[in-house]
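> start.txt (compact mmCIF, C-alpha atoms) pasted underneath:
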# COMPACT_ATOMS: atom_id res chain seq x y z
CA MET A 1 0.38 4.50 -22.91
CA SER A 2 2.30 4.33 -19.64
CA ALA A 3 2.60 1.09 -17.71
CA VAL A 4 0.28 0.80 -14.71
CA VAL A 5 1.05 -0.77 -11.33
CA ASP A 6 -1.64 -1.00 -8.66
CA ALA A 7 0.16 -0.54 -5.35
CA HIS A 8 -2.39 -2.25 -3.12
CA VAL A 9 -5.09 -4.89 -3.53
CA ARG A 10 -6.42 -7.42 -1.01
CA ILE A 11 -7.24 -10.90 -2.28
CA GLY A 12 -9.09 -13.81 -0.70
CA ASP A 13 -11.87 -13.65 1.85
CA GLY A 14 -12.63 -10.35 3.55
CA ARG A 15 -15.16 -9.31 6.16
CA GLU A 16 -17.38 -7.59 3.61
CA VAL A 17 -16.14 -8.65 0.18
CA GLU A 18 -13.80 -11.17 -1.39
CA LEU A 19 -11.58 -11.13 -4.44
CA ALA A 20 -10.17 -14.19 -6.18
CA PRO A 21 -6.81 -13.85 -7.96
CA GLU A 22 -8.43 -14.89 -11.24
CA GLU A 23 -11.02 -12.13 -10.89
CA LEU A 24 -8.31 -9.60 -10.12
CA LEU A 25 -6.30 -10.59 -13.19
CA ALA A 26 -9.39 -10.36 -15.38
CA THR A 27 -10.05 -6.83 -14.10
CA MET A 28 -6.42 -5.91 -14.72
CA ASP A 29 -6.68 -7.20 -18.29
CA ARG A 30 -9.84 -5.20 -18.88
CA LEU A 31 -8.40 -1.96 -17.49
CA GLY A 32 -4.85 -2.28 -18.79
CA ILE A 33 -3.21 -2.66 -15.37
CA ASP A 34 0.12 -4.42 -15.79
CA LYS A 35 0.93 -5.43 -12.23
CA ALA A 36 -0.58 -5.32 -8.75
CA LEU A 37 0.80 -5.72 -5.25
CA ILE A 38 -1.39 -8.03 -3.22
CA SER A 39 -2.02 -8.59 0.48
CA PRO A 40 -4.50 -11.03 2.05
CA GLY A 41 -7.87 -10.30 3.65
CA GLU A 42 -8.41 -8.97 7.15
CA ARG A 43 -8.42 -12.29 9.01
CA CYS A 44 -5.07 -13.26 7.57
CA ILE A 45 -3.58 -9.87 8.33
CA ALA A 46 -4.76 -10.01 11.94
CA VAL A 47 -4.43 -13.68 12.88
CA ASP A 48 -3.72 -16.28 10.21
CA ASN A 49 -0.57 -14.72 8.79
CA ARG A 50 0.90 -17.89 7.36
CA GLU A 51 -2.29 -18.73 5.51
CA GLY A 52 -2.35 -15.22 4.08
CA ASN A 53 1.27 -15.28 2.99
CA GLU A 54 0.81 -18.66 1.36
CA LEU A 55 -2.24 -17.35 -0.50
CA THR A 56 -0.46 -14.31 -1.89
CA ALA A 57 2.73 -16.26 -2.68
CA ALA A 58 0.76 -18.86 -4.64
CA ALA A 59 -1.20 -16.20 -6.51
CA ALA A 60 1.99 -14.33 -7.37
CA GLU A 61 3.72 -17.48 -8.60
CA ALA A 62 0.78 -18.45 -10.77
CA SER A 63 0.42 -14.98 -12.29
CA GLY A 64 3.51 -14.98 -14.48
CA GLY A 65 4.96 -12.01 -12.65
CA ARG A 66 1.89 -9.79 -12.76
CA LEU A 67 1.04 -10.12 -9.05
CA LEU A 68 3.59 -9.22 -6.37
CA ALA A 69 3.10 -10.30 -2.78
CA TYR A 70 3.20 -8.21 0.36
CA ALA A 71 4.32 -10.07 3.48
CA VAL A 72 2.15 -9.81 6.59
CA ALA A 73 2.86 -10.70 10.22
CA ASN A 74 1.21 -9.53 13.43
CA PRO A 75 3.94 -7.83 15.49
CA TRP A 76 2.41 -9.14 18.73
CA ARG A 77 3.94 -12.51 17.79
CA GLY A 78 7.45 -11.19 18.39
CA ARG A 79 10.19 -13.48 17.10
CA ALA A 80 7.60 -15.64 15.36
CA ALA A 81 6.49 -12.61 13.34
CA LEU A 82 10.02 -12.07 12.08
CA ASP A 83 10.32 -15.75 11.23
CA GLU A 84 7.09 -15.50 9.25
CA LEU A 85 8.39 -12.49 7.32
CA ALA A 86 11.57 -14.39 6.51
CA ARG A 87 9.51 -17.32 5.29
CA ALA A 88 7.39 -15.00 3.13
CA ALA A 89 10.52 -13.42 1.70
CA GLU A 90 11.82 -16.83 0.70
CA GLN A 91 8.53 -17.39 -1.14
CA GLY A 92 8.98 -14.17 -3.09
CA ALA A 93 7.35 -11.37 -1.06
CA VAL A 94 8.60 -7.93 -2.13
CA ALA A 95 7.30 -5.54 0.55
CA LEU A 96 5.73 -5.35 4.02
CA ALA A 97 2.06 -4.56 4.74
CA VAL A 98 0.86 -3.66 8.22
CA ASP A 99 -2.50 -2.56 9.58
CA SER A 100 -2.32 -1.22 13.12
CA VAL A 101 -6.09 -1.39 13.61
CA LEU A 102 -6.51 -5.00 12.52
CA GLN A 103 -3.33 -6.05 14.31
CA GLY A 104 -4.01 -4.14 17.52
CA PHE A 105 -1.13 -1.76 18.11
CA ASP A 106 -0.31 1.93 18.07
CA LEU A 107 2.04 3.10 15.34
CA LEU A 108 4.38 4.68 17.87
CA ASP A 109 4.33 2.14 20.71
CA GLY A 110 7.42 0.34 19.39
CA LEU A 111 5.72 -2.98 18.70
CA VAL A 112 6.09 -2.79 14.93
CA ASP A 113 9.68 -1.50 14.98
CA PRO A 114 11.33 -4.94 14.63
CA LEU A 115 9.25 -5.66 11.53
CA LEU A 116 10.32 -2.35 10.04
CA GLU A 117 13.94 -3.13 10.81
CA PHE A 118 13.47 -6.41 8.96
CA ALA A 119 12.01 -4.46 6.03
CA ALA A 120 14.98 -2.11 6.03
CA ASP A 121 17.40 -5.02 5.92
CA ARG A 122 15.49 -6.52 2.98
CA GLY A 123 15.17 -3.24 1.09
CA TRP A 124 11.39 -3.45 1.35
CA PHE A 125 9.00 -0.53 1.56
CA ALA A 126 6.13 -0.67 4.07
CA TYR A 127 2.49 -0.17 3.17
CA VAL A 128 0.60 1.16 6.21
CA ARG A 129 -3.16 1.62 5.99
CA THR A 130 -4.42 4.88 7.46
CA GLY A 131 -7.78 6.55 8.10
CA THR A 132 -8.95 4.94 11.35
CA PRO A 133 -8.42 6.85 14.60
CA PRO A 134 -6.67 6.82 16.92
CA SER A 135 -4.06 4.26 15.88
CA ALA A 136 -3.92 4.60 12.09
CA VAL A 137 -3.74 8.24 11.05
CA PRO A 138 -1.24 10.19 8.92
CA LEU A 139 0.67 12.35 11.41
CA PRO A 140 1.78 9.51 13.73
CA LEU A 141 2.78 7.60 10.60
CA ALA A 142 5.04 10.51 9.66
CA LEU A 143 6.73 10.27 13.06
CA LEU A 144 7.16 6.53 12.56
CA ALA A 145 8.73 7.19 9.16
CA LEU A 146 11.17 9.63 10.72
CA ARG A 147 12.08 6.94 13.26
CA HIS A 148 12.95 4.59 10.38
CA PRO A 149 14.66 6.69 7.69
CA GLY A 150 15.92 3.57 5.92
CA VAL A 151 12.37 2.46 5.05
CA ALA A 152 10.04 4.04 2.52
CA PHE A 153 6.47 4.18 3.82
CA LEU A 154 3.34 4.17 1.68
CA MET A 155 0.44 5.87 3.44
CA GLY A 156 -2.43 3.63 2.38
CA ARG A 157 -5.66 5.52 1.62
CA SER A 158 -3.91 8.81 2.53
CA GLY A 159 -6.02 9.15 5.67
CA ALA A 160 -9.33 8.64 3.87
CA THR A 161 -11.63 10.10 4.55
CA ASP A 162 -11.79 12.15 7.77
CA PHE A 163 -7.99 12.49 7.94
CA TRP A 164 -7.27 13.63 4.39
CA ILE A 165 -6.59 17.02 5.95
CA ASP A 166 -3.53 15.57 7.70
CA ALA A 167 -2.05 13.78 4.68
CA ALA A 168 -0.15 16.74 3.22
CA PRO A 169 1.28 17.88 6.60
CA ALA A 170 2.42 14.29 7.21
CA LEU A 171 4.15 14.15 3.84
CA ARG A 172 5.91 17.44 4.56
CA GLN A 173 7.27 16.06 7.84
CA ALA A 174 8.81 12.85 6.49
CA PRO A 175 10.63 12.73 3.14
CA ASN A 176 10.48 8.90 3.13
CA LEU A 177 6.66 8.95 3.30
CA TYR A 178 4.55 8.50 0.16
CA SER A 179 0.80 8.68 -0.40
CA ASP A 180 -1.54 6.63 -2.55
CA THR A 181 -4.45 7.72 -4.70
CA ALA A 182 -7.16 5.35 -3.41
CA TYR A 183 -10.37 7.25 -2.63
CA ALA A 184 -8.63 10.65 -2.98
CA PRO A 185 -10.30 13.19 -5.31
CA TRP A 186 -7.79 14.85 -7.61
CA ASP A 187 -9.46 18.27 -7.46
CA THR A 188 -8.79 18.60 -3.73
CA VAL A 189 -6.51 16.08 -2.02
CA LEU A 190 -4.27 15.02 -4.91
CA SER A 191 -4.00 18.53 -6.31
CA GLU A 192 -2.82 19.79 -2.93
CA PHE A 193 0.00 17.27 -3.12
CA ALA A 194 0.84 18.24 -6.70
CA ARG A 195 1.09 21.99 -6.11
CA ASP A 196 3.10 21.70 -2.90
CA PRO A 197 6.84 21.99 -3.71
CA GLU A 198 7.70 19.85 -0.68
CA ILE A 199 5.53 16.97 -1.93
CA GLY A 200 4.74 16.99 -5.65
CA THR A 201 3.44 14.14 -7.76
CA SER A 202 6.68 12.17 -7.28
CA ARG A 203 5.46 11.16 -3.81
CA VAL A 204 2.07 9.89 -5.02
CA VAL A 205 1.43 6.27 -6.03
CA PHE A 206 -1.57 4.80 -7.83
CA SER A 207 -3.65 2.28 -5.87
CA THR A 208 -7.16 0.95 -6.30
CA ASP A 209 -7.37 -0.66 -2.85
CA ALA A 210 -9.63 -3.24 -4.50
CA PRO A 211 -11.99 -4.90 -3.71
CA TYR A 212 -13.18 -2.00 -1.54
CA THR A 213 -13.42 0.40 -4.48
CA VAL A 214 -14.40 0.38 -8.15
CA PRO A 215 -11.02 -0.09 -9.87
CA ALA A 216 -12.16 1.50 -13.14
CA ALA A 217 -13.15 4.67 -11.27
CA GLU A 218 -9.88 4.75 -9.33
CA LEU A 219 -7.85 4.47 -12.53
CA ARG A 220 -10.01 6.99 -14.38
CA ARG A 221 -9.46 9.55 -11.63
CA VAL A 222 -5.70 9.38 -12.18
CA ARG A 223 -6.11 9.40 -15.97
CA ASP A 224 -8.27 12.56 -15.68
CA TRP A 225 -5.98 14.32 -13.21
CA THR A 226 -4.68 17.55 -14.76
CA ILE A 227 -0.95 16.86 -14.49
CA ALA A 228 1.78 16.49 -17.11
CA GLU A 229 2.13 13.09 -18.75
CA PRO A 230 5.59 12.38 -17.28
CA GLU A 231 4.14 13.06 -13.83
CA ARG A 232 1.19 10.77 -14.56
CA ALA A 233 3.57 8.02 -15.64
CA ALA A 234 5.41 8.32 -12.34
CA VAL A 235 2.17 8.10 -10.37
CA LEU A 236 0.91 5.11 -12.36
CA SER A 237 4.08 3.03 -12.17
CA GLY A 238 7.42 4.81 -11.99
CA THR A 239 7.46 5.75 -8.33
CA VAL A 240 6.27 2.42 -6.95
CA SER A 241 8.70 0.60 -9.23
CA GLY A 242 11.45 2.69 -7.68
CA LEU A 243 10.24 1.75 -4.19
CA LEU A 244 10.42 -1.89 -5.22
CA GLY A 245 14.03 -1.45 -6.25
CA GLY A 246 13.49 -3.14 -9.60
CA SER A 247 11.63 -6.21 -8.32
CA GLY A 248 8.42 -4.87 -9.80
CA SER A 249 9.48 -4.35 -13.42
CA THR A 250 6.52 -2.85 -15.23
CA GLY A 251 7.04 -3.97 -18.77
CA ARG A 252 4.34 -5.98 -20.52
CA GLY A 253 7.00 -8.38 -21.80
Any chance you could give the structure as structure tokens?

Amino acid sequence: MSAVVDAHVRIGDGREVELAPEELLATMDRLGIDKALISPGERCIAVDNREGNELTAAAAEASGGRLLAYAVANPWRGRAALDELARAAEQGAVALAVDSVLQGFDLLDGLVDPLLEFAADRGWFAYVRTGTPPSAVPLPLALLALRHPGVAFLMGRSGATDFWIDAAPALRQAPNLYSDTAYAPWDTVLSEFARDPEIGTSRVVFSTDAPYTVPAAELRRVRDWTIAEPERAAVLSGTVSGLLGGSGSTGRG
């Protein structure tokens, strides 16, 4: 069976639900998920960035390589945000996560551009949550991706749910934009990606977005998706491993 990498999970305290690293690892063991990329809860994304980065760095270090940390920093902090990303990188972070709603900016207002330039210099991809209007929707994210061709962007939640209709047009606009599978039904949204020659399954990445979903259901949806097994393997691990540039090796050891 193909290796499985979950491209986005939030650990720690959240506004509605919390997820301890130990609980996440137990779920991964039960479902056969090899690795997961982790970001902190909403408070730490919006305000307490250092606390969040320390939480994910510690969880990653204790996991034996199974958890990989996103770095977070609110771009309103300017130079201090870049310093925090550098600090997170030193502690082992492998990618950038931003949330324009929680952090209070518009994707195209220029505020996040320095963080993306930092990501480009590090060879990081950027996870950007979408689905909340007006500042976190797919089409502006495509324009942001075109502004930063040296960064790969992962469209978190693929606009779920009211903006699923814009996910495929966004992917067609920006070749460095990828989608994830969280919440997305394969018989409509994901299948539109798969049958579109400009998108295809090679631009789709598996994500549970736990703890806001039922991970078993999210994984089962990808397992049941009517695509060829090599395509499924790319969705489950190959594509995100490529975005990580090798830092997220998927072998079980």
> Please provide as a PDB file with C-alpha atoms, keeping the file's coordinate frame all residues within 6 Å of stretch 173-181 of chain A, with the sequence filter that same-chain residues fewer than 5 positions apart are discarded (counting all atoms listed in the file).

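As a result, out.pdb now contains:
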ATOM      1  CA  ALA A 142       5.040  10.510   9.660  1.00  0.00           C
ATOM      2  CA  LEU A 146      11.170   9.630  10.720  1.00  0.00           C
ATOM      3  CA  ALA A 152      10.040   4.040   2.520  1.00  0.00           C
ATOM      4  CA  PHE A 153       6.470   4.180   3.820  1.00  0.00           C
ATOM      5  CA  LEU A 154       3.340   4.170   1.680  1.00  0.00           C
ATOM      6  CA  MET A 155       0.440   5.870   3.440  1.00  0.00           C
ATOM      7  CA  GLY A 156      -2.430   3.630   2.380  1.00  0.00           C
ATOM      8  CA  ARG A 157      -5.660   5.520   1.620  1.00  0.00           C
ATOM      9  CA  SER A 158      -3.910   8.810   2.530  1.00  0.00           C
ATOM     10  CA  ARG A 203       5.460  11.160  -3.810  1.00  0.00           C
ATOM     11  CA  VAL A 204       2.070   9.890  -5.020  1.00  0.00           C
ATOM     12  CA  VAL A 205       1.430   6.270  -6.030  1.00  0.00           C
ATOM     13  CA  PHE A 206      -1.570   4.800  -7.830  1.00  0.00           C
ATOM     14  CA  SER A 207      -3.650   2.280  -5.870  1.00  0.00           C
TER      15      SER A 207
END
> Env of A:Leu190: 10 Å cut, atoms = all atoms listed in the file, seq-sep filter 2 positions within chain, self excluded. Answer as a list in words.
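My reading of the contact set: Ser158, Trp164, Ala167, Ala168, Ser179, Asp180, Thr181, Ala184, Pro185, Trp186, Asp187, Thr188, Glu192, Phe193, Ala194, Arg195, Gly200, Thr201, Val204, Val222 and Trp225 of chain A.
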> Kindly provide, as lines of an AutoDock Vina configuration file, the centre and edge lengths (Å, one decimal) of an axis-aligned box around all atoms of stretch 81-98 of chain A given in the file, with 4 Å on each side.

center_x = 6.3
center_y = -10.5
center_z = 5.1
size_x = 19.0
size_y = 21.7
size_z = 24.4
> Check the smallest atom-to-atom distance from each of A:Gly65, A:Tyr183, A:Ala73, A:Glu229 to A:Thr208 using only C-alpha atoms, then report the winner.
A:Tyr183
> Could you work out how far atom CA of A:Gly245 lies from atom CA of A:Leu68, giving the answer in Å with one decimal?
13.0 Å
> Between atom CA of A:Ala71 and atom CA of A:Leu144, what is the distance, to one decimal in Å?
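Rounded to one decimal, the two atoms are 19.1 Å apart.
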> To one decimal place, how far is atom CA of A:Ala170 from atom CA of A:Thr130 in Å?
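A separation of 11.6 Å between them.
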> From the set A:Ala160, A:Leu102, A:Ala216, A:Ala80, which residue has the shortest atom-to-atom contact distance to A:Asp29, counting only C-alpha atoms?
A:Ala216
> Write out as a ChimeraX atom specification each polymer residue whose atoms come within 8 Å of stretch 18-24 of chain A, counting all atoms listed in the file; drop sequence neighbours fewer than 6 positions from it.
/A:10-12,41,59,211
> From the set A:Leu171, A:Ala233, A:Ala89, A:Val128, which residue has the shortest atom-to-atom contact distance to A:Gln103, counting all atoms listed in the file?
A:Val128
> Which of these, A:Gly131, A:Ala217, A:Tyr212, A:Asp196, has the shortest distance to A:Arg15 once you count only C-alpha atoms?
A:Tyr212
> I'd like the neighbourhood of A:Gly150 as an MDAnalysis selection string, where a residue qualifies if any of its atoms comes within 12 Å (using all atoms listed in the file), though same-chain residues fewer than 5 positions away should be ignored.
chainID A and resid 116:126 144:145 174:177 243
> What's the 7 Å shell around A:Asp209, counting all atoms listed in the file, without same-chain residues fewer than 3 positions away, as a list in words?
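Returned residues: His8, Val9, Ala182, Tyr212 and Thr213 of chain A.
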> Convert the current residue selection to file output with C-alpha atoms, as a PDB file, in the frame of the given file.

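This went into result.pdb:
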ATOM      1  CA  HIS A   8      -2.390  -2.250  -3.120  1.00  0.00           C
ATOM      2  CA  VAL A   9      -5.090  -4.890  -3.530  1.00  0.00           C
ATOM      3  CA  ALA A 182      -7.160   5.350  -3.410  1.00  0.00           C
ATOM      4  CA  TYR A 212     -13.180  -2.000  -1.540  1.00  0.00           C
ATOM      5  CA  THR A 213     -13.420   0.400  -4.480  1.00  0.00           C
TER       6      THR A 213
END
> Which is closest to A:Arg43 among A:Pro133, A:Pro169, A:Pro114, A:Gly14, if we use only C-alpha atoms?
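The shortest atom-to-atom distance to A:Arg43 comes from A:Gly14.
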> Could you check the closest approach to A:Gly52 for each of A:Leu37, A:Leu108, A:Val235, A:Val72 and tell me which residue wins, using only C-alpha atoms?
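Under the stated criterion, the closest residue is A:Val72.
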